[in-house]
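Here's the structure, in structure tokens; my notes come after.
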Amino acid sequence: MSETVATVPSVEDEEKIRAIASQMRRVIELLGLDLSDANLTETPERVAKMYLEMFRGLAEGAEPNITFFPNDERYTAMIIEKDIPFYSLCSHHFVPFYGHAHLAYIPNDKIVGLSKMSRIVEFYARRPQLQERLTEQVAGFLAEKLSPQGVMVVVEARHLCVEMRGVKKPGALTVTSAIRGIFFNRPVREEFLDLLNRRR
Ligand SMILES: [Zn+2]
């Protein structure tokens, strides 16, 4: 997959990295940590770069340029792309949540390349995010761009802010779903869920 990832940071990014790193240095000091420790010296810059990378979905022009194809075969059954892996940071703690997204749609006039489905998920994952919103945004994008008969998105994820701290529930899986159009019909929804569960 040819994704354009800026390897050389722009001038604007360089400035941001410097500004974030200087604040991060202050945070590390306030935590009483020793910035002269070899493992911490470069941490402010590393954290700054990581945030820019993880939040790349918010950058201008980050929306994936997706080609749609005419549905010449008049395919009217369900198209499913399941087990799309993703990593995101929760808006509340800036701690990872990660898992898999499963996308299904029933087309009208347009279809989308299967590999593009994961680009859409990644675009919405690369920002401070809530699992509920991620799920809705992916469904909304497909609904808007494809005008299909219907869309359903299921996301299963583990949230490190839940597992590592606070209530500490290791291994808990959070499941969310978003529905558009024909998937509001129970048999259609169940067909998708059956196909999802089949290999497990
Ligand atoms: Zn959180």
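In the structure tokens, chains take letters A, B, ... by order of appearance, with residues numbered from 1 within each chain and ligands from 1 in the order shown.
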
Hey, which bits of chain A sit within 9 Å of ligand 1, and for each residue what's the closest pair of atoms and how far apart in Å (one decimal), counting only C-alpha atoms and all ligand atoms, rows by chain and increasing number, as a Markdown table?
| residue | atom | partner | partner_atom_place_in_ligand_line | distance |
| --- | --- | --- | --- | --- |
| A:Leu89 | CA | ligand 1 | 1 (Zn) | 7.8 |
| A:Cys90 | CA | ligand 1 | 1 (Zn) | 4.7 |
| A:Ser91 | CA | ligand 1 | 1 (Zn) | 6.3 |
| A:His92 | CA | ligand 1 | 1 (Zn) | 4.5 |
| A:His93 | CA | ligand 1 | 1 (Zn) | 4.5 |
| A:Phe94 | CA | ligand 1 | 1 (Zn) | 6.7 |
| A:Val95 | CA | ligand 1 | 1 (Zn) | 6.1 |
| A:Pro96 | CA | ligand 1 | 1 (Zn) | 7.9 |
| A:Phe97 | CA | ligand 1 | 1 (Zn) | 7.9 |
| A:Leu130 | CA | ligand 1 | 1 (Zn) | 8.2 |
| A:His159 | CA | ligand 1 | 1 (Zn) | 6.8 |
| A:Leu160 | CA | ligand 1 | 1 (Zn) | 7.3 |
| A:Cys161 | CA | ligand 1 | 1 (Zn) | 4.6 |
| A:Val162 | CA | ligand 1 | 1 (Zn) | 6.8 |

Residues just named, written with all heavy atoms as a compact mmCIF listing (two decimals), in the first residue's frame:
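Result went into out-v1.txt, see below:
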# COMPACT_ATOMS: atom_id res chain seq x y z
N LEU A 89 -5.37 6.84 20.00
CA LEU A 89 -5.16 7.32 21.36
C LEU A 89 -6.48 7.88 21.87
O LEU A 89 -7.13 8.64 21.17
CB LEU A 89 -4.10 8.43 21.41
CG LEU A 89 -2.65 8.05 21.13
CD1 LEU A 89 -1.75 9.26 21.29
CD2 LEU A 89 -2.17 6.93 22.05
N CYS A 90 -6.86 7.49 23.09
CA CYS A 90 -8.14 7.96 23.61
C CYS A 90 -8.04 9.44 23.93
O CYS A 90 -7.02 9.93 24.43
CB CYS A 90 -8.61 7.15 24.81
SG CYS A 90 -7.90 7.62 26.38
N SER A 91 -9.12 10.15 23.63
CA SER A 91 -9.18 11.60 23.86
C SER A 91 -9.03 11.95 25.34
O SER A 91 -8.56 13.03 25.66
CB SER A 91 -10.54 12.15 23.41
OG SER A 91 -10.64 12.13 22.03
N HIS A 92 -9.44 11.06 26.19
CA HIS A 92 -9.49 11.40 27.62
C HIS A 92 -8.14 11.29 28.31
O HIS A 92 -7.87 12.00 29.26
CB HIS A 92 -10.50 10.50 28.34
CG HIS A 92 -11.89 10.66 27.81
ND1 HIS A 92 -12.81 9.64 27.78
CD2 HIS A 92 -12.50 11.73 27.26
CE1 HIS A 92 -13.94 10.09 27.25
NE2 HIS A 92 -13.78 11.34 26.92
N HIS A 93 -7.29 10.36 27.85
CA HIS A 93 -6.02 10.14 28.56
C HIS A 93 -4.79 10.15 27.65
O HIS A 93 -3.67 10.05 28.14
CB HIS A 93 -6.06 8.78 29.29
CG HIS A 93 -7.21 8.62 30.22
ND1 HIS A 93 -8.42 8.07 29.83
CD2 HIS A 93 -7.35 8.95 31.53
CE1 HIS A 93 -9.25 8.07 30.86
NE2 HIS A 93 -8.63 8.60 31.91
N PHE A 94 -5.00 10.22 26.35
CA PHE A 94 -3.89 10.09 25.39
C PHE A 94 -3.13 8.78 25.60
O PHE A 94 -1.89 8.73 25.58
CB PHE A 94 -2.92 11.28 25.47
CG PHE A 94 -3.41 12.51 24.78
CD1 PHE A 94 -4.71 12.61 24.33
CD2 PHE A 94 -2.55 13.59 24.56
CE1 PHE A 94 -5.17 13.76 23.68
CE2 PHE A 94 -2.99 14.73 23.91
CZ PHE A 94 -4.30 14.82 23.48
N VAL A 95 -3.89 7.74 25.87
CA VAL A 95 -3.33 6.39 26.06
C VAL A 95 -3.93 5.53 24.94
O VAL A 95 -5.05 5.78 24.51
CB VAL A 95 -3.70 5.88 27.47
CG1 VAL A 95 -3.42 4.40 27.62
CG2 VAL A 95 -2.95 6.67 28.54
N PRO A 96 -3.19 4.53 24.46
CA PRO A 96 -3.71 3.78 23.32
C PRO A 96 -5.00 3.01 23.60
O PRO A 96 -5.20 2.50 24.70
CB PRO A 96 -2.58 2.77 23.01
CG PRO A 96 -1.36 3.38 23.60
CD PRO A 96 -1.81 4.15 24.81
N PHE A 97 -5.83 3.00 22.57
CA PHE A 97 -6.82 1.93 22.49
C PHE A 97 -6.65 1.35 21.10
O PHE A 97 -6.27 2.04 20.16
CB PHE A 97 -8.25 2.41 22.79
CG PHE A 97 -8.92 3.28 21.77
CD1 PHE A 97 -9.77 2.72 20.82
CD2 PHE A 97 -8.73 4.65 21.77
CE1 PHE A 97 -10.43 3.51 19.88
CE2 PHE A 97 -9.37 5.46 20.84
CZ PHE A 97 -10.22 4.89 19.89
N LEU A 130 -12.49 8.74 20.41
CA LEU A 130 -13.35 7.90 21.23
C LEU A 130 -13.78 6.75 20.34
O LEU A 130 -14.05 6.97 19.15
CB LEU A 130 -14.60 8.66 21.67
CG LEU A 130 -14.39 9.98 22.41
CD1 LEU A 130 -15.74 10.62 22.72
CD2 LEU A 130 -13.65 9.71 23.73
N HIS A 159 -8.82 -0.90 25.71
CA HIS A 159 -8.45 0.46 26.10
C HIS A 159 -7.45 0.40 27.24
O HIS A 159 -7.77 -0.07 28.33
CB HIS A 159 -9.69 1.24 26.56
CG HIS A 159 -10.64 1.53 25.44
ND1 HIS A 159 -10.84 2.80 24.96
CD2 HIS A 159 -11.42 0.71 24.70
CE1 HIS A 159 -11.71 2.75 23.96
NE2 HIS A 159 -12.09 1.49 23.79
N LEU A 160 -6.23 0.85 26.97
CA LEU A 160 -5.21 0.76 28.02
C LEU A 160 -5.52 1.68 29.21
O LEU A 160 -5.09 1.40 30.32
CB LEU A 160 -3.82 1.06 27.44
CG LEU A 160 -3.32 0.00 26.46
CD1 LEU A 160 -1.86 0.23 26.12
CD2 LEU A 160 -3.50 -1.42 27.01
N CYS A 161 -6.29 2.75 28.98
CA CYS A 161 -6.64 3.60 30.13
C CYS A 161 -7.55 2.85 31.10
O CYS A 161 -7.62 3.18 32.27
CB CYS A 161 -7.27 4.92 29.68
SG CYS A 161 -8.81 4.73 28.79
N VAL A 162 -8.25 1.83 30.60
CA VAL A 162 -9.09 1.01 31.48
C VAL A 162 -8.26 -0.13 32.07
O VAL A 162 -8.45 -0.52 33.22
CB VAL A 162 -10.29 0.42 30.68
CG1 VAL A 162 -11.11 -0.53 31.53
CG2 VAL A 162 -11.16 1.55 30.14

- Contact residues around A:Asn197 with only C-alpha atoms at 12 Å, ignoring same-chain residues under 5 positions, as a list in words: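 Once the adjacent positions are removed, what remains is Lys82, Asp83, His102, Val154, Glu190, Glu191 and Phe192 of chain A.
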
Could you write out that same residue set with all heavy atoms as a PDB file, in the first residue's frame?
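Dumped to part_15.pdb:
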ATOM      1  N   LYS A  82     -13.239  -7.519   7.123  1.00  0.00           N
ATOM      2  CA  LYS A  82     -13.207  -7.673   8.573  1.00  0.00           C
ATOM      3  C   LYS A  82     -11.777  -7.764   9.100  1.00  0.00           C
ATOM      4  O   LYS A  82     -10.836  -7.940   8.335  1.00  0.00           O
ATOM      5  CB  LYS A  82     -14.044  -8.865   9.017  1.00  0.00           C
ATOM      6  CG  LYS A  82     -13.617 -10.204   8.497  1.00  0.00           C
ATOM      7  CD  LYS A  82     -14.674 -11.238   8.902  1.00  0.00           C
ATOM      8  CE  LYS A  82     -14.235 -12.632   8.516  1.00  0.00           C
ATOM      9  NZ  LYS A  82     -15.266 -13.634   8.827  1.00  0.00           N
ATOM     10  N   ASP A  83     -11.666  -7.597  10.429  1.00  0.00           N
ATOM     11  CA  ASP A  83     -10.366  -7.689  11.099  1.00  0.00           C
ATOM     12  C   ASP A  83      -9.364  -6.643  10.613  1.00  0.00           C
ATOM     13  O   ASP A  83      -8.171  -6.936  10.465  1.00  0.00           O
ATOM     14  CB  ASP A  83      -9.759  -9.081  10.915  1.00  0.00           C
ATOM     15  CG  ASP A  83     -10.542 -10.138  11.667  1.00  0.00           C
ATOM     16  OD1 ASP A  83     -11.108  -9.793  12.732  1.00  0.00           O
ATOM     17  OD2 ASP A  83     -10.614 -11.279  11.201  1.00  0.00           O
ATOM     18  N   HIS A 102     -14.568  -3.891  11.673  1.00  0.00           N
ATOM     19  CA  HIS A 102     -15.210  -4.739  10.665  1.00  0.00           C
ATOM     20  C   HIS A 102     -16.229  -3.867   9.927  1.00  0.00           C
ATOM     21  O   HIS A 102     -17.098  -3.263  10.569  1.00  0.00           O
ATOM     22  CB  HIS A 102     -15.919  -5.914  11.340  1.00  0.00           C
ATOM     23  CG  HIS A 102     -15.100  -6.566  12.422  1.00  0.00           C
ATOM     24  ND1 HIS A 102     -13.987  -7.331  12.165  1.00  0.00           N
ATOM     25  CD2 HIS A 102     -15.216  -6.520  13.775  1.00  0.00           C
ATOM     26  CE1 HIS A 102     -13.471  -7.761  13.319  1.00  0.00           C
ATOM     27  NE2 HIS A 102     -14.201  -7.277  14.298  1.00  0.00           N
ATOM     28  N   VAL A 154     -18.522  -2.400  12.902  1.00  0.00           N
ATOM     29  CA  VAL A 154     -18.359  -2.915  14.267  1.00  0.00           C
ATOM     30  C   VAL A 154     -16.890  -2.731  14.646  1.00  0.00           C
ATOM     31  O   VAL A 154     -16.002  -3.060  13.852  1.00  0.00           O
ATOM     32  CB  VAL A 154     -18.756  -4.413  14.362  1.00  0.00           C
ATOM     33  CG1 VAL A 154     -18.411  -4.984  15.736  1.00  0.00           C
ATOM     34  CG2 VAL A 154     -20.244  -4.586  14.083  1.00  0.00           C
ATOM     35  N   GLU A 190     -28.106  -9.270  11.091  1.00  0.00           N
ATOM     36  CA  GLU A 190     -27.724 -10.582  11.609  1.00  0.00           C
ATOM     37  C   GLU A 190     -26.857 -11.362  10.628  1.00  0.00           C
ATOM     38  O   GLU A 190     -25.973 -12.110  11.040  1.00  0.00           O
ATOM     39  CB  GLU A 190     -28.971 -11.374  12.020  1.00  0.00           C
ATOM     40  CG  GLU A 190     -29.398 -10.925  13.406  1.00  0.00           C
ATOM     41  CD  GLU A 190     -30.686 -11.565  13.894  1.00  0.00           C
ATOM     42  OE1 GLU A 190     -31.300 -12.329  13.141  1.00  0.00           O
ATOM     43  OE2 GLU A 190     -31.058 -11.269  15.038  1.00  0.00           O
ATOM     44  N   GLU A 191     -27.106 -11.151   9.349  1.00  0.00           N
ATOM     45  CA  GLU A 191     -26.260 -11.817   8.349  1.00  0.00           C
ATOM     46  C   GLU A 191     -24.800 -11.366   8.531  1.00  0.00           C
ATOM     47  O   GLU A 191     -23.875 -12.174   8.545  1.00  0.00           O
ATOM     48  CB  GLU A 191     -26.740 -11.475   6.932  1.00  0.00           C
ATOM     49  CG  GLU A 191     -25.942 -12.193   5.857  1.00  0.00           C
ATOM     50  CD  GLU A 191     -26.290 -11.728   4.445  1.00  0.00           C
ATOM     51  OE1 GLU A 191     -27.427 -11.259   4.229  1.00  0.00           O
ATOM     52  OE2 GLU A 191     -25.400 -11.829   3.578  1.00  0.00           O
ATOM     53  N   PHE A 192     -24.619 -10.077   8.697  1.00  0.00           N
ATOM     54  CA  PHE A 192     -23.262  -9.544   8.911  1.00  0.00           C
ATOM     55  C   PHE A 192     -22.653 -10.110  10.190  1.00  0.00           C
ATOM     56  O   PHE A 192     -21.521 -10.602  10.203  1.00  0.00           O
ATOM     57  CB  PHE A 192     -23.334  -8.012   8.955  1.00  0.00           C
ATOM     58  CG  PHE A 192     -22.037  -7.323   9.304  1.00  0.00           C
ATOM     59  CD1 PHE A 192     -20.817  -7.750   8.768  1.00  0.00           C
ATOM     60  CD2 PHE A 192     -22.029  -6.224  10.153  1.00  0.00           C
ATOM     61  CE1 PHE A 192     -19.632  -7.089   9.075  1.00  0.00           C
ATOM     62  CE2 PHE A 192     -20.837  -5.563  10.461  1.00  0.00           C
ATOM     63  CZ  PHE A 192     -19.643  -6.007   9.928  1.00  0.00           C
TER      64      PHE A 192
END

- Task: Considering only C-alpha atoms, state which residue in the set A:Ile80, A:Leu31, A:Ala172, A:Val47 is at the smallest distance from A:Asp194.
- Result: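 With only C-alpha atoms as the atom set, the closest residue is A:Ile80.
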
- Message: I'd like to know which residues of stretch 14-126 of chain A are strand (DSSP E or B) (by DSSP, run on the backbone); could you write them as a PyMOL selection string?
- Response: chain A and resi 68-70+79-90+96-106+110-112

- Item | Distance of atom CA of A:Gln129 from atom CA of A:Glu53, expressed in Å to one decimal place |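 Going from atom CA of A:Glu53 over to atom CA of A:Gln129, I get 14.1 Å.
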
- Message: Applying 6 Å and only C-alpha atoms, which residues near stretch 147-151 of chain A remain after dropping the ones on its own chain fewer than 2 positions away? List them as a ChimeraX atom specification.
- Response: /A:104-108,143-145,179-183

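For the residues A:Thr76, A:Thr67, A:Ser118, A:Ser22, ranking by smallest atom-to-atom distance to A:Glu42 using only C-alpha atoms places A:Ser22 first.
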
- Message: Could you list, as a list in words, every residue within 12 Å of A:Tyr51, counting only C-alpha atoms and ignoring same-chain residues fewer than 3 positions away?
- Response: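 Using only C-alpha atoms, the neighbours found are Asp13, Lys16, Ile17, Ile20, Ala21, Met24, Pro44, Glu45, Arg46, Val47, Ala48, Met54, Phe55, Arg56, Gly57, Leu58, Ala59, Ser88, Leu89, Phe94, Val95, Pro96, Arg126, Arg127 and Pro128 of chain A.
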
- Item | Nearest-residue call for A:Ile84, choices A:Leu40, A:Val153, A:Arg26, A:Leu142, using only C-alpha atoms |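 Checking each of A:Leu40, A:Val153, A:Arg26, A:Leu142 against A:Ile84, counting only C-alpha atoms, the winner is A:Val153.
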
- Message: Taking 4 positions as the minimum chain separation for residues in the same chain, which residues sit within 7 Å of A:Pro85 when counting only C-alpha atoms? Answer as a PyMOL selection string.
- Response: chain A and resi 99-101

- Task: Once DSSP has gone over the backbone, tell me which residues of chain A are in helix (DSSP H, G or I), as a ChimeraX atom specification.
- Result: /A:11-30,43-54,56-58,114-125,131-146,160-163,182-184,186-198

- Message: Which residues are close to A:Lys110, i.e. within 8 Å by only C-alpha atoms, leaving aside same-chain residues fewer than 6 positions away? Reply as a list in words.
- Response: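 In the requested form, the answer reads Phe68, Phe69, Pro70, Asn71, Leu146, Ser147 and Pro148 of chain A.
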
Serialized selection, N, CA and C atoms, as a short mmCIF file (atom, residue, chain, number, x, y, z; two decimals), in the first residue's frame:
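Produced file again_36.cif, reproduced below:
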data_model
loop_
_atom_site.label_atom_id
_atom_site.label_comp_id
_atom_site.auth_asym_id
_atom_site.auth_seq_id
_atom_site.Cartn_x
_atom_site.Cartn_y
_atom_site.Cartn_z
N PHE A 68 -13.51 5.49 -6.27
CA PHE A 68 -14.69 4.63 -6.26
C PHE A 68 -14.92 4.11 -7.67
N PHE A 69 -15.48 2.94 -7.74
CA PHE A 69 -15.70 2.32 -9.05
C PHE A 69 -17.20 2.14 -9.28
N PRO A 70 -17.62 2.21 -10.54
CA PRO A 70 -19.04 1.94 -10.82
C PRO A 70 -19.35 0.48 -10.56
N ASN A 71 -20.48 0.26 -10.00
CA ASN A 71 -20.91 -1.11 -9.68
C ASN A 71 -21.50 -1.76 -10.93
N LEU A 146 -20.30 6.63 -0.66
CA LEU A 146 -20.79 5.54 -1.50
C LEU A 146 -22.29 5.61 -1.79
N SER A 147 -23.01 6.39 -0.97
CA SER A 147 -24.47 6.35 -1.05
C SER A 147 -24.98 4.92 -1.23
N PRO A 148 -24.59 4.03 -0.34
CA PRO A 148 -24.96 2.61 -0.51
C PRO A 148 -26.38 2.37 0.00
#
